[in-house]
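Let me begin by presenting the structure, written as structure tokens, before commenting on it.
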Amino acid sequence: QINKRLSKVSEYINHNKLADIGSDHAYLPIFAIQNKLVKEAIAGEVVKGPFLAAQQNTKANGLSNVIDVKLGNGLEVIDETVDVITICGMGGPLIAQILDDGKDKLSHYPDLILQSNIHALPIRQNLQQLGYKIMDEILVKEKKHIYEIIVAKKGEMTLSAKEMKFGPVFLKHKDDLFIEKWEREIVALENITKQLEDHQDQSRNNEIKQQIVQIKEVLA
Ligand code: SAM
């Protein structure tokens, strides 16, 4: 059984062939195959240990014929038959970088389901540049952590600076988890400003106070 975070990601998978990048134990591709969400999958891993774990887990579940476990960096493990890519459990900047570095592999526009632990802004910037449109955004809370999921398909979008930061779909609904997430961010930023006041770094402090004002406006 997979955790709540990956389970939420799996709700958006209904495809032919999945590539899960940074697959670790291959939990998501195994779940997707076992639940008939896809027919085939690639599990990509750049680190040897997790790659071996993915291989072993795939074999133990008797799925080596349908899950191709590959050692490789980012999107280099995928081919044009993949019609959905998941990248989960990483920071937003790393996910954004994997997309940008592998943009040649996105020329046929597979659907993307991207689950970041923090800082999704660079993901949205890269999606817009790469010719993707955000279809849905979901927050999941598990063990006190709040995770973001972005679902994107081929399409055009032009996001405002505010939408880049907060998410176009999140801004429409501003549900309870969204408010909780950004209230936590205010607390974190207020702690930073207190520390900066001690160090008398006025310009950085003003910048952070601006950010707090902006978040409070969005939550108001
Ligand atoms: N996706 C799983 C999940 O959400 O539970 C595992 C997340 S784990 C925290 C991140 C994994 O991504 C690690 O196993 C790491 O080795 C892998 N990873 C990091 N950068 C990568 C890259 N450029 N290409 C492929 N895998 C990468």
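Residue numbering restarts at 1 in every chain; chains get A, B, ... in the order shown in the structure tokens, and ligands count up from 1 in that same order.
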
Contact residues around Gly167 of chain A with only C-alpha atoms at 9 Å, ignoring same-chain residues under 3 positions, as a PyMOL selection string: chain A and resi 120-121+124+134+137+150+159+162-164+170-172

Mind dumping the selected residues with C-alpha atoms as an mmCIF file, in the first residue's frame?
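Final file, result-v2.cif:
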```
data_model
loop_
_atom_site.group_PDB
_atom_site.id
_atom_site.type_symbol
_atom_site.label_atom_id
_atom_site.label_comp_id
_atom_site.auth_asym_id
_atom_site.auth_seq_id
_atom_site.Cartn_x
_atom_site.Cartn_y
_atom_site.Cartn_z
ATOM 1 C CA ALA A 120 6.705 25.148 -6.577
ATOM 2 C CA LEU A 121 7.234 28.537 -8.260
ATOM 3 C CA ARG A 124 5.217 26.796 -12.890
ATOM 4 C CA ILE A 134 -1.704 23.707 -15.419
ATOM 5 C CA GLU A 137 -3.354 21.798 -8.310
ATOM 6 C CA ILE A 150 0.620 20.106 -10.072
ATOM 7 C CA LEU A 159 0.493 33.303 -15.389
ATOM 8 C CA LYS A 162 0.990 36.124 -8.158
ATOM 9 C CA GLU A 163 -0.232 32.984 -9.931
ATOM 10 C CA MET A 164 3.375 31.809 -10.423
ATOM 11 C CA PHE A 170 -4.980 27.215 -5.642
ATOM 12 C CA LEU A 171 -5.784 30.941 -5.867
ATOM 13 C CA LYS A 172 -9.256 30.216 -7.213
#
```

Go through chain A and flag each residue having an atom no more than 8 Å from ligand 1; for those, report the closest pair of atoms plus their distance in Å to one decimal, using only C-alpha atoms and all ligand atoms, ordered by chain and rising number, as JSON lines.
```
{"residue": "A:Arg5", "atom": "CA", "partner": "ligand 1", "partner_atom_place_in_ligand_line": "4 (O)", "distance": 7.8}
{"residue": "A:Leu6", "atom": "CA", "partner": "ligand 1", "partner_atom_place_in_ligand_line": "4 (O)", "distance": 6.5}
{"residue": "A:Asp20", "atom": "CA", "partner": "ligand 1", "partner_atom_place_in_ligand_line": "1 (N)", "distance": 7.2}
{"residue": "A:Ile21", "atom": "CA", "partner": "ligand 1", "partner_atom_place_in_ligand_line": "25 (C)", "distance": 5.3}
{"residue": "A:Gly22", "atom": "CA", "partner": "ligand 1", "partner_atom_place_in_ligand_line": "12 (O)", "distance": 3.3}
{"residue": "A:Ser23", "atom": "CA", "partner": "ligand 1", "partner_atom_place_in_ligand_line": "1 (N)", "distance": 4.4}
{"residue": "A:Asp24", "atom": "CA", "partner": "ligand 1", "partner_atom_place_in_ligand_line": "14 (O)", "distance": 4.1}
{"residue": "A:His25", "atom": "CA", "partner": "ligand 1", "partner_atom_place_in_ligand_line": "6 (C)", "distance": 7.2}
{"residue": "A:Ala26", "atom": "CA", "partner": "ligand 1", "partner_atom_place_in_ligand_line": "2 (C)", "distance": 7.4}
{"residue": "A:Tyr27", "atom": "CA", "partner": "ligand 1", "partner_atom_place_in_ligand_line": "5 (O)", "distance": 7.4}
{"residue": "A:Leu28", "atom": "CA", "partner": "ligand 1", "partner_atom_place_in_ligand_line": "1 (N)", "distance": 7.5}
{"residue": "A:Gly44", "atom": "CA", "partner": "ligand 1", "partner_atom_place_in_ligand_line": "25 (C)", "distance": 5.7}
{"residue": "A:Glu45", "atom": "CA", "partner": "ligand 1", "partner_atom_place_in_ligand_line": "26 (N)", "distance": 4.1}
{"residue": "A:Val46", "atom": "CA", "partner": "ligand 1", "partner_atom_place_in_ligand_line": "25 (C)", "distance": 4.2}
{"residue": "A:Val47", "atom": "CA", "partner": "ligand 1", "partner_atom_place_in_ligand_line": "16 (O)", "distance": 4.7}
{"residue": "A:Lys48", "atom": "CA", "partner": "ligand 1", "partner_atom_place_in_ligand_line": "16 (O)", "distance": 7.9}
{"residue": "A:Pro50", "atom": "CA", "partner": "ligand 1", "partner_atom_place_in_ligand_line": "14 (O)", "distance": 5.3}
{"residue": "A:Phe51", "atom": "CA", "partner": "ligand 1", "partner_atom_place_in_ligand_line": "14 (O)", "distance": 7.7}
{"residue": "A:Leu71", "atom": "CA", "partner": "ligand 1", "partner_atom_place_in_ligand_line": "25 (C)", "distance": 7.9}
{"residue": "A:Gly72", "atom": "CA", "partner": "ligand 1", "partner_atom_place_in_ligand_line": "25 (C)", "distance": 6.2}
{"residue": "A:Asn73", "atom": "CA", "partner": "ligand 1", "partner_atom_place_in_ligand_line": "24 (N)", "distance": 4.0}
{"residue": "A:Gly74", "atom": "CA", "partner": "ligand 1", "partner_atom_place_in_ligand_line": "24 (N)", "distance": 3.4}
{"residue": "A:Leu75", "atom": "CA", "partner": "ligand 1", "partner_atom_place_in_ligand_line": "24 (N)", "distance": 7.0}
{"residue": "A:Ile87", "atom": "CA", "partner": "ligand 1", "partner_atom_place_in_ligand_line": "1 (N)", "distance": 6.2}
{"residue": "A:Cys88", "atom": "CA", "partner": "ligand 1", "partner_atom_place_in_ligand_line": "4 (O)", "distance": 4.0}
{"residue": "A:Gly89", "atom": "CA", "partner": "ligand 1", "partner_atom_place_in_ligand_line": "4 (O)", "distance": 3.7}
{"residue": "A:Met90", "atom": "CA", "partner": "ligand 1", "partner_atom_place_in_ligand_line": "10 (C)", "distance": 5.6}
{"residue": "A:Leu94", "atom": "CA", "partner": "ligand 1", "partner_atom_place_in_ligand_line": "20 (N)", "distance": 7.1}
{"residue": "A:Ile98", "atom": "CA", "partner": "ligand 1", "partner_atom_place_in_ligand_line": "23 (N)", "distance": 5.9}
{"residue": "A:Gln115", "atom": "CA", "partner": "ligand 1", "partner_atom_place_in_ligand_line": "4 (O)", "distance": 7.5}
```

Which parts of segment 11-207 of chain A does DSSP call helix (DSSP H, G or I) when run on the backbone here, written out as number ranges by chain? A: 27-34, 48-60, 74-77, 92-101, 103-106, 121-130, 161-166, 168-173, 176-199, 202-207

A:Gln125, A:Asn61, A:Asn3, A:Thr193: which is nearest Asn206 of chain A, counting only C-alpha atoms? A:Thr193

For Lys36 of chain A, find every residue with an atom within 10 Å (counting only C-alpha atoms), except residues of its own chain fewer than 5 positions away, and show them as a ChimeraX atom specification. /A:13-16,30-31

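Restricting the calculation to only C-alpha atoms, the smallest distance between Lys17 of chain A and any of A:Thr86, A:Ser160, A:Ser64, A:Gln97 is found for A:Thr86.
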
Find the residues near Leu127 of chain A: any atom within 12 Å, counting only C-alpha atoms, skip ones fewer than 2 places away on the same chain, and give them as a PyMOL selection string. chain A and resi 92+95-100+103+106+109+111-114+120-125+129-135+150-159+164

Between A:Gln34, A:Gln195, A:Gln214, A:Asn117, which residue has the minimum interatomic distance to Lys141 of chain A, considering only C-alpha atoms? A:Asn117

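For the pair atom CA of Ile2 of chain A and atom CA of Val82 of chain A, the interatomic distance is 22.4 Å.
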
Please measure the separation of atom CA of Ala32 of chain A and atom CA of Ala54 of chain A, giving the value in Å to one decimal. 14.2 Å

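Close contacts of Glu80 of chain A, defined as residues with an atom at most 8 Å away when counting only C-alpha atoms, with chain neighbours fewer than 2 positions off set aside, comprise Ile78, Val82, Asp83, Lys105 and His108 of chain A.
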
Please extract the residues of segment 14-186 of chain A with a backbone DSSP assignment of strand (DSSP E) and present them as an MDAnalysis selection string. chainID A and resid 17:21 40:45 67:71 84:90 111:116 132:142 145:154

Report as a ChimeraX atom specification all protein, DNA and RNA residues lying within 12 Å of Asn205 of chain A, evaluated on only C-alpha atoms, omitting residues in the same chain fewer than 4 positions from it. /A:189-201,209-212

Give me the residues near Ile67 of chain A as a list of chain:residue names, where near means some atom within 10 Å (using only C-alpha atoms) and where sequence neighbours in that chain fewer than 6 positions away do not count. A:Lys17, A:Leu18, A:Ala19, A:Ala26, A:Pro29, A:Ile30, A:Ile33, A:Lys39, A:Glu40, A:Ala41, A:Ile42, A:Ala43, A:Ala54, A:Gln55, A:Thr58, A:Lys59

Residue selection dump (C-alpha atoms) as a PDB file, in the first residue's frame:
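Resulting contents of selection14.pdb:
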```
ATOM      1  CA  LYS A  17       2.694   4.167 -20.198  1.00  0.00           C
ATOM      2  CA  LEU A  18       4.097   5.948 -17.155  1.00  0.00           C
ATOM      3  CA  ALA A  19       7.625   7.142 -16.455  1.00  0.00           C
ATOM      4  CA  ALA A  26       9.250   2.051  -7.506  1.00  0.00           C
ATOM      5  CA  PRO A  29       4.769   2.437 -10.802  1.00  0.00           C
ATOM      6  CA  ILE A  30       4.055  -0.831  -8.971  1.00  0.00           C
ATOM      7  CA  ILE A  33       0.312  -1.313 -12.702  1.00  0.00           C
ATOM      8  CA  LYS A  39      -0.209  -0.921 -18.840  1.00  0.00           C
ATOM      9  CA  GLU A  40       3.532  -0.314 -18.707  1.00  0.00           C
ATOM     10  CA  ALA A  41       5.980   1.817 -16.758  1.00  0.00           C
ATOM     11  CA  ILE A  42       9.543   3.023 -16.553  1.00  0.00           C
ATOM     12  CA  ALA A  43      11.032   3.612 -13.113  1.00  0.00           C
ATOM     13  CA  ALA A  54      13.378  -0.358  -7.371  1.00  0.00           C
ATOM     14  CA  GLN A  55      14.676  -3.322  -9.350  1.00  0.00           C
ATOM     15  CA  THR A  58       9.668  -4.772  -9.084  1.00  0.00           C
ATOM     16  CA  LYS A  59      10.988  -8.328  -9.272  1.00  0.00           C
TER      17      LYS A  59
END
```

In terms of only C-alpha atoms, the residue from A:Lys70, A:Lys174, A:His145, A:Arg184 at minimal distance from Ser116 of chain A is A:His145

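You will find atom CA of Lys216 of chain A at 12.1 Å from atom CA of Glu180 of chain A.
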